[in-house]
Protein chains: 2
Amino acid sequence: MPQNIKVQETIRLPGGFRAAGEAIGLKRSGRRDMALLVSDLPAAVAGVFTTNQVRSATVKLDRERLRGGVARAIIINSGNANACNGPQGLCDADRMTELTGLLLGVPKKQVFVCSTGRIGIAMPMAIIEEGIGKVAAALAPRGGKNAATAIMTTDTKIKHATVALQIDGQPVTLTGMAKGAGMIEPNMATMLAFLLTDAAVDRKALQGALKAAADQSFNRVSVDGDRSTNDTTLLLANGAAGNKPLKPGHPDWGTFCAALNALALNLAIKMAGDGEGATKLVTVRVLGAKSDRDADLAARAVANSLLVKTSWVGDYPNWGRLMDSIGYSRAKVVEERVAIHYNDLPAVKDGVFAGTPLKQLEKIQHQKAFTITINLNLGRGTGVIYTCDCTEEYVRINYVE
Amino acid sequence: MPQNIKVQETIRLPGGFRAAGEAIGLKRSGRRDMALLVSDLPAAVAGVFTTNQVRSATVKLDRERLRGGVARAIIINSGNANACNGPQGLCDADRMTELTGLLLGVPKKQVFVCSTGRIGIAMPMAIIEEGIGKVAAALAPRGGKNAATAIMTTDTKIKHATVALQIDGQPVTLTGMAKGAGMIEPNMATMLAFLLTDAAVDRKALQGALKAAADQSFNRVSVDGDRSTNDTTLLLANGAAGNKPLKPGHPDWGTFCAALNALALNLAIKMAGDGEGATKLVTVRVLGAKSDRDADLAARAVANSLLVKTSWVGDYPNWGRLMDSIGYSRAKVVEERVAIHYNDLPAVKDGVFAGTPLKQLEKIQHQKAFTITINLNLGRGTGVIYTCDCTEEYVRINYVE
């Protein structure tokens, strides 16, 4: 029987998890900058990572660790990306997992590590090592909020959510935290997300479910079109709920996947709305494309067009820029077929202005959140991207040291 | 014997050409907004146009006109793009050429038309028609500067240049004017360039030479990565110099091509340096790519990265963002092989910081113009893109109405 999936805006660690987030001195602001997530039981782990050819030491290490399939902890720092640091960067990332493992009494191979911050600066290992001791000492079942705070960089809002569901008739929790695609002080955009559940899940099924959820959520967020060297999403399932391991065929597998998708989408939309300097959350939907791939290409061209994103800062509904950007996307476009709506109001019909009074369209673009729907009228492909406007504040954040 | 090609920063119309630029009331500022370029002899014409699938009426019409191969005039307005205006837009563009032809006594098929401005606004034809009469009355052999002024939109500087050369021992002039890839008030980026010569040139050879010159100049400029619906470059050769028609095999063909390339590159670099809100001209060179195509992809990824472009506003040499952007380009990149220079100073060696004092790199990034050279050390492919920083002023220009 399908369950009603309701996402709560809180964080509540599932059974068998503890967390901490402390200020260890990496951020000049003195804010929390190191987090530790721990499962008291060995947890099945799934991960998805940046597709960038230039990767942080932490991404390189975690991709290796993922082969083992078991996680006990994730140690995370903000304030330094540990990318482009050569062999020393890999040593430092490995040392972070080793030290965390020693303090927790678990093998380093079961410890994952994430970093976010400026590229190409050596990791201040003395501070890091002392910091790991500090977060390990602060671990608590209610430490989720501190951890979610410690992974923030230029995020203006904490990002977490929880779904309660029933598996085999037992209560199960799925909780998640994320940091947005903003930059750390004047640094590199990085998206990190950590999802934790006390459900027991088959490892291979877990990886498939995470990949599917990420494709419909985190991979559909665009703030500035720049893909980071450090993007990482990890999902841990420690089985503390005692259910029969979930996988396709289990009566509650569909429920679990729906909950995971809802959680990931909730966090992804929070990231888009809290992009650097953003004042508006914009959902760009493309329908009627020749293929889903074409729809995705057209939606991304719109969401990454600097001319479109800057036009959204003001209220003037510059639909001509939408036409322009789909026109140069690699999606097939026939100008005379295009229809565009701002929420429910038509702006373009058959490739020309639809005649809706501009004042009405302006009212929509003035809102904190609105949807642009583009129908290419060429086929059945659909796609969606969650994005935001590009303000003067975005520029300022990214060059002021 | 190869001639020394020297580009002068002036405009000087070649023999048999006249021009005018007047204020006809399209721009709210009251500035010149219509230009007319006329050849008193039928001129061979070549053209290159935007690759956008959404095209202005003027681009559609000019592409047709180009088949005739002969031009007598180009009528140009700024203040309205005449794009996404449906069949009426095409009628209006055709009417502009018809009226110009009537006033000049030449067939409309030999009149080209260009527009630049906001998309999707009906052309105010009463103003346009009166304006055409006004510019036609103002035609003069020294009208080049007024014409170059009238095609400007948010350009802060007039863009023109001239090369004097010898063909068959006779003096020949090649002159050009351009408007930059900035936007008109809060409108769509458009690049227009008009190149005029009194040399006689074979029509097919002329098209080949223009395509080659554009590929190394106008097609290597990126201000914001947005391709316009209206981009147009036209080259007219009217043969007033009386030389034997130039084509491959003519002893001065190489000289003519070199002069054309130099002129186009001069105008292209002026566009990059005068991008909207730009304070710095940045040349991005990629060497050692697996192919020229890969070099081009890597250079464009850097030049179009919002994170890179905003970092250039300040002086901090954020080379990590260069690494990040080449990493997600579709060019093959092996992190450990990458070397990056700021002018002559190494910033990255073997994928990690090269150790040059940051203060020295900062001094380079502080300059009004500098070059980033990225060696991928994977092959022999090379490429270059001319670009600029992305400032708060860019954002402001593009949403303030």
# chains A, B, ... in the order shown; residues from 1 in each chain; ligands from 1
>>> calpha_fit_and_write(fixed="chain A", moving="chain B", output="compact mmCIF listing (two decimals) with C-alpha atoms, in the first residue's frame")
# COMPACT_ATOMS: atom_id res chain seq x y z
CA MET B 1 -0.07 0.02 -0.11
CA PRO B 2 1.60 3.31 -1.09
CA GLN B 3 2.31 5.57 1.86
CA ASN B 4 1.82 9.28 1.95
CA ILE B 5 5.32 10.78 1.78
CA LYS B 6 5.60 13.95 3.83
CA VAL B 7 8.86 15.85 4.04
CA GLN B 8 9.44 17.67 7.35
CA GLU B 9 11.74 20.68 7.40
CA THR B 10 13.61 19.49 10.49
CA ILE B 11 16.59 17.22 10.99
CA ARG B 12 16.19 14.10 13.14
CA LEU B 13 18.98 11.55 13.08
CA PRO B 14 17.76 7.99 12.45
CA GLY B 15 18.46 5.25 15.02
CA GLY B 16 22.12 4.37 15.48
CA PHE B 17 23.47 7.68 14.14
CA ARG B 18 25.27 10.46 15.98
CA ALA B 19 26.61 13.75 14.69
CA ALA B 20 28.54 16.85 15.66
CA GLY B 21 29.54 20.19 14.17
CA GLU B 22 32.17 22.42 15.75
CA ALA B 23 34.21 25.55 15.09
CA ILE B 24 37.82 24.49 14.74
CA GLY B 25 39.35 27.63 13.22
CA LEU B 26 39.31 27.09 9.44
CA LYS B 27 36.77 29.82 8.71
CA ARG B 28 38.02 33.29 9.49
CA SER B 29 34.50 34.14 10.68
CA GLY B 30 34.89 31.75 13.62
CA ARG B 31 31.79 29.81 12.58
CA ARG B 32 31.39 26.01 12.78
CA ASP B 33 33.58 24.47 10.07
CA MET B 34 33.96 20.77 10.82
CA ALA B 35 31.26 18.12 10.96
CA LEU B 36 31.31 14.44 11.84
CA LEU B 37 28.54 11.94 11.04
CA VAL B 38 28.81 8.51 12.66
CA SER B 39 26.83 5.30 12.39
CA ASP B 40 27.15 3.02 15.40
CA LEU B 41 26.52 0.04 13.12
CA PRO B 42 28.32 -0.68 9.85
CA ALA B 43 26.16 1.01 7.23
CA ALA B 44 25.69 0.22 3.54
CA VAL B 45 26.89 3.28 1.62
CA ALA B 46 26.12 4.73 -1.80
CA GLY B 47 27.73 7.79 -3.39
CA VAL B 48 27.56 10.09 -6.41
CA PHE B 49 30.35 12.51 -7.24
CA THR B 50 31.27 15.43 -9.47
CA THR B 51 31.85 14.56 -13.14
CA ASN B 52 34.66 17.14 -13.30
CA GLN B 53 37.95 15.73 -14.63
CA VAL B 54 39.72 17.80 -11.98
CA ARG B 55 38.76 16.30 -8.63
CA SER B 56 39.52 17.03 -5.03
CA ALA B 57 41.59 14.57 -3.02
CA THR B 58 38.47 13.77 -1.00
CA VAL B 59 36.49 12.77 -4.11
CA LYS B 60 39.36 10.58 -5.28
CA LEU B 61 39.59 8.87 -1.90
CA ASP B 62 35.82 8.44 -1.40
CA ARG B 63 35.40 6.90 -4.84
CA GLU B 64 37.92 4.26 -3.78
CA ARG B 65 36.36 3.80 -0.33
CA LEU B 66 32.97 3.27 -1.96
CA ARG B 67 34.17 -0.03 -3.42
CA GLY B 68 34.25 -1.46 0.11
CA GLY B 69 30.55 -0.65 0.39
CA VAL B 70 30.57 -0.08 4.16
CA ALA B 71 30.68 3.22 6.03
CA ARG B 72 30.93 4.05 9.70
CA ALA B 73 31.65 7.77 9.51
CA ILE B 74 31.96 10.88 7.35
CA ILE B 75 34.36 13.65 8.39
CA ILE B 76 33.70 16.98 6.66
CA ASN B 77 35.47 20.34 6.71
CA SER B 78 34.49 23.64 5.17
CA GLY B 79 37.08 26.38 4.54
CA ASN B 80 39.47 24.43 2.28
CA ALA B 81 38.64 22.29 -0.78
CA ASN B 82 41.78 20.12 -0.70
CA ALA B 83 41.77 20.16 -4.52
CA CYS B 84 44.80 20.59 -6.81
CA ASN B 85 47.06 19.86 -3.86
CA GLY B 86 48.84 16.93 -5.54
CA PRO B 87 49.99 13.83 -3.60
CA GLN B 88 50.10 15.81 -0.34
CA GLY B 89 46.37 16.44 -0.67
CA LEU B 90 45.69 12.73 -0.92
CA CYS B 91 47.90 12.05 2.11
CA ASP B 92 46.04 14.68 4.10
CA ALA B 93 42.61 13.32 3.13
CA ASP B 94 43.73 9.81 4.05
CA ARG B 95 45.11 11.07 7.37
CA MET B 96 41.75 12.67 8.18
CA THR B 97 40.01 9.30 7.76
CA GLU B 98 42.74 7.49 9.68
CA LEU B 99 42.55 9.80 12.67
CA THR B 100 38.75 9.73 12.69
CA GLY B 101 38.85 5.94 12.54
CA LEU B 102 41.32 5.77 15.44
CA LEU B 103 39.13 7.95 17.63
CA LEU B 104 36.01 5.93 16.77
CA GLY B 105 37.67 2.54 16.79
CA VAL B 106 36.74 1.74 13.19
CA PRO B 107 38.91 0.97 10.13
CA LYS B 108 39.86 4.04 8.07
CA LYS B 109 38.49 2.29 4.97
CA GLN B 110 35.02 2.78 6.47
CA VAL B 111 35.54 6.50 7.00
CA PHE B 112 34.63 8.94 4.21
CA VAL B 113 35.88 12.51 3.94
CA CYS B 114 34.53 15.66 2.27
CA SER B 115 36.03 19.13 1.96
CA THR B 116 34.72 22.41 0.57
CA GLY B 117 36.54 25.71 0.22
CA ARG B 118 39.26 27.30 -1.87
CA ILE B 119 41.20 25.18 -4.34
CA GLY B 120 44.97 24.80 -4.21
CA ILE B 121 45.66 25.80 -0.63
CA ALA B 122 47.52 23.24 1.50
CA MET B 123 45.37 21.73 4.26
CA PRO B 124 46.34 23.17 7.66
CA MET B 125 46.72 19.71 9.17
CA ALA B 126 47.58 20.79 12.72
CA ILE B 127 44.25 22.61 12.96
CA ILE B 128 42.42 19.78 11.19
CA GLU B 129 43.82 17.09 13.48
CA GLU B 130 42.96 18.97 16.63
CA GLY B 131 39.52 19.66 15.14
CA ILE B 132 38.80 16.01 14.52
CA GLY B 133 39.36 15.33 18.21
CA LYS B 134 36.98 18.16 19.05
CA VAL B 135 34.10 16.95 16.83
CA ALA B 136 34.55 13.35 17.91
CA ALA B 137 34.17 14.45 21.53
CA ALA B 138 30.97 16.33 20.69
CA LEU B 139 29.10 13.47 18.97
CA ALA B 140 25.47 13.20 20.01
CA PRO B 141 22.21 11.72 18.69
CA ARG B 142 20.86 15.28 18.51
CA GLY B 143 23.98 16.73 16.88
CA GLY B 144 22.47 16.83 13.38
CA LYS B 145 21.75 20.53 13.39
CA ASN B 146 25.28 21.48 14.41
CA ALA B 147 26.64 19.23 11.66
CA ALA B 148 24.32 20.81 9.07
CA THR B 149 25.54 24.23 10.21
CA ALA B 150 29.21 23.27 10.00
CA ILE B 151 29.03 22.24 6.33
CA MET B 152 27.58 25.64 5.28
CA THR B 153 29.78 28.08 3.40
CA THR B 154 28.07 31.10 1.81
CA ASP B 155 24.70 29.43 2.31
CA THR B 156 22.40 31.92 4.01
CA LYS B 157 20.07 29.18 5.30
CA ILE B 158 20.65 25.80 6.92
CA LYS B 159 19.41 23.01 4.65
CA HIS B 160 17.97 19.85 6.15
CA ALA B 161 14.84 17.73 5.94
CA THR B 162 13.43 14.45 7.26
CA VAL B 163 10.95 11.85 6.05
CA ALA B 164 9.31 9.34 8.40
CA LEU B 165 8.08 6.14 6.77
CA GLN B 166 7.11 2.57 7.57
CA ILE B 167 9.14 -0.38 6.36
CA ASP B 168 7.89 -3.87 7.23
CA GLY B 169 5.41 -2.09 9.48
CA GLN B 170 8.25 -0.54 11.52
CA PRO B 171 8.98 3.20 11.76
CA VAL B 172 12.02 4.22 9.74
CA THR B 173 13.63 7.65 9.38
CA LEU B 174 15.38 9.17 6.39
CA THR B 175 17.11 12.46 7.09
CA GLY B 176 19.40 14.67 5.07
CA MET B 177 21.52 17.79 5.15
CA ALA B 178 23.14 19.73 2.33
CA LYS B 179 25.25 22.76 1.56
CA GLY B 180 24.36 24.75 -1.49
CA ALA B 181 26.06 25.49 -4.75
CA GLY B 182 27.37 28.73 -3.40
CA MET B 183 31.02 29.55 -2.81
CA ILE B 184 33.06 29.70 0.27
CA GLU B 185 34.12 33.28 0.77
CA PRO B 186 35.42 34.01 -2.75
CA ASN B 187 35.84 30.33 -3.48
CA MET B 188 34.66 27.42 -5.52
CA ALA B 189 31.06 26.32 -5.73
CA THR B 190 30.53 22.97 -4.11
CA MET B 191 27.48 20.90 -3.45
CA LEU B 192 27.57 18.44 -0.59
CA ALA B 193 24.66 16.32 0.62
CA PHE B 194 24.53 13.62 3.27
CA LEU B 195 21.52 11.34 3.59
CA LEU B 196 21.14 8.94 6.51
CA THR B 197 18.61 6.19 7.22
CA ASP B 198 18.16 3.44 9.78
CA ALA B 199 16.54 1.22 7.16
CA ALA B 200 18.44 -1.87 6.08
CA VAL B 201 19.03 -1.62 2.33
CA ASP B 202 20.83 -3.91 -0.07
CA ARG B 203 24.05 -2.14 -1.09
CA LYS B 204 23.60 -2.41 -4.85
CA ALA B 205 19.97 -1.34 -4.65
CA LEU B 206 21.02 1.61 -2.46
CA GLN B 207 23.47 2.85 -5.10
CA GLY B 208 20.83 2.57 -7.82
CA ALA B 209 18.26 4.42 -5.74
CA LEU B 210 20.69 7.23 -4.89
CA LYS B 211 21.77 7.66 -8.53
CA ALA B 212 18.12 7.85 -9.62
CA ALA B 213 17.24 10.32 -6.86
CA ALA B 214 20.29 12.52 -7.58
CA ASP B 215 19.49 12.64 -11.30
CA GLN B 216 16.07 14.09 -10.52
CA SER B 217 17.23 16.50 -7.84
CA PHE B 218 20.86 17.52 -7.22
CA ASN B 219 21.74 17.10 -10.89
CA ARG B 220 18.87 19.43 -11.80
CA VAL B 221 20.14 22.41 -9.82
CA SER B 222 22.11 25.11 -11.57
CA VAL B 223 23.29 28.25 -9.85
CA ASP B 224 26.02 29.41 -12.23
CA GLY B 225 26.72 26.46 -14.50
CA ASP B 226 30.08 25.83 -12.86
CA ARG B 227 30.63 22.25 -11.76
CA SER B 228 32.83 21.91 -8.73
CA THR B 229 35.84 19.70 -8.12
CA ASN B 230 34.31 18.55 -4.83
CA ASP B 231 30.60 17.75 -5.34
CA THR B 232 29.67 14.71 -3.29
CA THR B 233 26.46 13.06 -2.15
CA LEU B 234 26.64 10.11 0.26
CA LEU B 235 23.77 7.94 1.49
CA LEU B 236 24.22 5.69 4.54
CA ALA B 237 21.75 2.94 5.53
CA ASN B 238 22.67 1.27 8.82
CA GLY B 239 19.79 -1.17 9.29
CA ALA B 240 19.13 -0.16 12.92
CA ALA B 241 15.39 -0.39 12.17
CA GLY B 242 15.77 -4.14 11.82
CA ASN B 243 13.75 -4.53 8.63
CA LYS B 244 14.37 -7.14 5.95
CA PRO B 245 16.92 -5.51 3.61
CA LEU B 246 15.17 -3.35 1.03
CA LYS B 247 15.67 -3.99 -2.65
CA PRO B 248 13.50 -4.25 -5.75
CA GLY B 249 10.82 -6.84 -5.00
CA HIS B 250 10.47 -5.87 -1.32
CA PRO B 251 6.87 -4.60 -0.85
CA ASP B 252 8.15 -1.29 0.61
CA TRP B 253 10.90 -0.68 -1.96
CA GLY B 254 8.72 1.78 -3.88
CA THR B 255 7.93 3.68 -0.70
CA PHE B 256 11.59 3.92 0.24
CA CYS B 257 12.53 5.22 -3.23
CA ALA B 258 9.70 7.75 -3.18
CA ALA B 259 10.83 8.99 0.25
CA LEU B 260 14.44 9.24 -0.94
CA ASN B 261 13.39 11.14 -4.07
CA ALA B 262 11.25 13.53 -2.06
CA LEU B 263 14.05 14.19 0.43
CA ALA B 264 16.66 14.78 -2.29
CA LEU B 265 14.33 17.09 -4.24
CA ASN B 266 13.55 19.07 -1.09
CA LEU B 267 17.25 19.67 -0.45
CA ALA B 268 17.98 20.41 -4.12
CA ILE B 269 15.28 23.08 -4.35
CA LYS B 270 16.60 24.65 -1.15
CA MET B 271 20.03 24.87 -2.84
CA ALA B 272 18.63 26.55 -5.95
CA GLY B 273 16.70 29.09 -3.92
CA ASP B 274 19.76 29.87 -1.78
CA GLY B 275 22.24 30.23 -4.66
CA GLU B 276 24.84 32.92 -4.07
CA GLY B 277 23.23 36.34 -3.99
CA ALA B 278 19.97 34.88 -5.30
CA THR B 279 16.67 36.64 -4.68
CA LYS B 280 14.40 34.36 -6.74
CA LEU B 281 13.94 30.59 -7.18
CA VAL B 282 13.07 29.81 -10.78
CA THR B 283 11.85 26.44 -12.03
CA VAL B 284 12.48 25.99 -15.76
CA ARG B 285 10.34 23.25 -17.30
CA VAL B 286 10.69 22.15 -20.91
CA LEU B 287 7.97 20.08 -22.57
CA GLY B 288 7.42 18.83 -26.10
CA ALA B 289 11.12 18.34 -26.88
CA LYS B 290 12.26 15.74 -29.39
CA SER B 291 13.72 13.76 -26.48
CA ASP B 292 14.27 14.06 -22.73
CA ARG B 293 17.89 14.86 -23.52
CA ASP B 294 16.84 17.75 -25.75
CA ALA B 295 14.51 19.02 -23.03
CA ASP B 296 17.39 18.92 -20.56
CA LEU B 297 19.71 20.78 -22.97
CA ALA B 298 17.13 23.51 -23.56
CA ALA B 299 16.32 23.91 -19.86
CA ARG B 300 20.03 24.11 -18.97
CA ALA B 301 20.69 26.69 -21.70
CA VAL B 302 18.01 28.90 -20.17
CA ALA B 303 19.14 28.31 -16.59
CA ASN B 304 22.80 29.00 -17.44
CA SER B 305 22.25 32.03 -19.67
CA LEU B 306 23.79 35.03 -17.97
CA LEU B 307 21.44 37.28 -19.92
CA VAL B 308 18.41 35.36 -18.70
CA LYS B 309 19.60 35.13 -15.10
CA THR B 310 20.41 38.83 -14.87
CA SER B 311 17.06 39.75 -16.44
CA TRP B 312 15.29 37.88 -13.62
CA VAL B 313 16.78 40.28 -11.05
CA GLY B 314 14.34 42.91 -12.28
CA ASP B 315 10.67 42.39 -13.01
CA TYR B 316 10.61 43.01 -16.78
CA PRO B 317 9.65 39.66 -18.38
CA ASN B 318 12.33 39.52 -21.06
CA TRP B 319 10.96 36.44 -22.86
CA GLY B 320 13.11 37.29 -25.90
CA ARG B 321 16.14 36.13 -23.95
CA LEU B 322 14.42 32.80 -23.26
CA MET B 323 13.85 32.40 -27.01
CA ASP B 324 17.46 33.34 -27.69
CA SER B 325 18.92 30.85 -25.22
CA ILE B 326 16.85 27.85 -26.33
CA GLY B 327 17.79 28.83 -29.89
CA TYR B 328 21.49 28.37 -29.26
CA SER B 329 21.08 25.28 -27.07
CA ARG B 330 21.96 22.01 -28.72
CA ALA B 331 18.28 21.01 -28.56
CA LYS B 332 16.28 21.04 -31.78
CA VAL B 333 14.12 24.17 -31.80
CA VAL B 334 11.68 25.41 -34.44
CA GLU B 335 11.06 29.05 -33.62
CA GLU B 336 7.51 29.13 -34.95
CA ARG B 337 6.39 26.27 -32.67
CA VAL B 338 7.60 27.58 -29.33
CA ALA B 339 5.14 28.38 -26.54
CA ILE B 340 6.26 29.87 -23.20
CA HIS B 341 4.28 30.36 -19.99
CA TYR B 342 5.18 32.34 -16.85
CA ASN B 343 3.33 30.25 -14.24
CA ASP B 344 -0.10 29.90 -15.92
CA LEU B 345 0.12 32.95 -18.17
CA PRO B 346 1.15 32.66 -21.83
CA ALA B 347 4.06 34.89 -22.88
CA VAL B 348 4.92 33.32 -26.24
CA LYS B 349 2.69 31.48 -28.71
CA ASP B 350 3.91 30.18 -32.08
CA GLY B 351 7.28 31.86 -31.45
CA VAL B 352 5.90 35.40 -31.04
CA PHE B 353 4.52 37.45 -28.15
CA ALA B 354 1.25 35.98 -26.88
CA GLY B 355 -0.30 39.35 -26.04
CA THR B 356 -0.67 38.91 -22.27
CA PRO B 357 -0.38 42.36 -20.67
CA LEU B 358 3.26 42.80 -19.59
CA LYS B 359 2.10 44.04 -16.18
CA GLN B 360 0.65 40.57 -15.46
CA LEU B 361 3.87 38.82 -16.47
CA GLU B 362 5.86 41.35 -14.43
CA LYS B 363 3.79 40.49 -11.39
CA ILE B 364 4.81 36.83 -11.75
CA GLN B 365 8.51 37.63 -12.26
CA HIS B 366 8.35 39.84 -9.16
CA GLN B 367 7.56 36.79 -7.00
CA LYS B 368 10.18 35.02 -4.88
CA ALA B 369 9.50 31.80 -6.80
CA PHE B 370 7.97 31.21 -10.21
CA THR B 371 7.97 28.68 -13.03
CA ILE B 372 8.86 29.17 -16.69
CA THR B 373 7.34 26.46 -18.90
CA ILE B 374 8.65 26.15 -22.43
CA ASN B 375 6.80 23.89 -24.86
CA LEU B 376 8.89 23.17 -27.96
CA ASN B 377 5.93 21.33 -29.57
CA LEU B 378 8.23 18.90 -31.37
CA GLY B 379 7.84 15.67 -29.38
CA ARG B 380 7.32 14.18 -25.93
CA GLY B 381 10.62 14.92 -24.20
CA THR B 382 10.45 16.70 -20.82
CA GLY B 383 12.99 18.14 -18.40
CA VAL B 384 13.26 20.51 -15.47
CA ILE B 385 16.03 22.61 -13.92
CA TYR B 386 15.87 24.49 -10.61
CA THR B 387 17.81 27.74 -10.72
CA CYS B 388 17.94 31.34 -9.52
CA ASP B 389 18.63 34.88 -10.65
CA CYS B 390 22.17 36.31 -10.93
CA THR B 391 22.52 39.51 -8.94
CA GLU B 392 25.21 42.13 -8.37
CA GLU B 393 25.67 40.44 -4.98
CA TYR B 394 26.68 37.22 -6.76
CA VAL B 395 29.46 39.10 -8.55
CA ARG B 396 30.55 40.87 -5.38
CA ILE B 397 30.75 37.67 -3.34
CA ASN B 398 32.96 36.15 -6.01
CA TYR B 399 35.71 38.71 -6.28
CA VAL B 400 35.84 40.37 -2.88
CA GLU B 401 38.42 38.54 -0.86
>>> select_by_dssp(residues="range 151-279 of chain A", states="alpha helix (DSSP H)", output="compact mmCIF listing (two decimals) with C-alpha atoms, in the first residue's frame")
# COMPACT_ATOMS: atom_id res chain seq x y z
CA ARG A 203 24.02 -2.18 -1.06
CA LYS A 204 23.57 -2.44 -4.81
CA ALA A 205 19.94 -1.36 -4.60
CA LEU A 206 21.01 1.58 -2.42
CA GLN A 207 23.46 2.83 -5.08
CA GLY A 208 20.80 2.55 -7.79
CA ALA A 209 18.22 4.40 -5.70
CA LEU A 210 20.67 7.21 -4.87
CA LYS A 211 21.74 7.63 -8.50
CA ALA A 212 18.08 7.83 -9.59
CA ALA A 213 17.22 10.30 -6.82
CA ALA A 214 20.26 12.50 -7.56
CA ASP A 215 19.46 12.61 -11.28
CA TRP A 253 10.89 -0.71 -1.90
CA GLY A 254 8.70 1.76 -3.82
CA THR A 255 7.93 3.65 -0.63
CA PHE A 256 11.59 3.89 0.29
CA CYS A 257 12.52 5.19 -3.18
CA ALA A 258 9.67 7.72 -3.12
CA ALA A 259 10.84 8.97 0.28
CA LEU A 260 14.43 9.22 -0.90
CA ASN A 261 13.38 11.12 -4.03
CA ALA A 262 11.24 13.52 -2.00
CA LEU A 263 14.05 14.17 0.46
CA ALA A 264 16.65 14.76 -2.27
CA LEU A 265 14.31 17.07 -4.21
CA ASN A 266 13.52 19.05 -1.06
CA LEU A 267 17.24 19.66 -0.43
CA ALA A 268 17.97 20.40 -4.11
CA ILE A 269 15.26 23.06 -4.33
CA LYS A 270 16.59 24.64 -1.13
CA MET A 271 20.01 24.86 -2.82
CA ALA A 272 18.62 26.53 -5.94
CA GLY A 273 16.67 29.07 -3.90
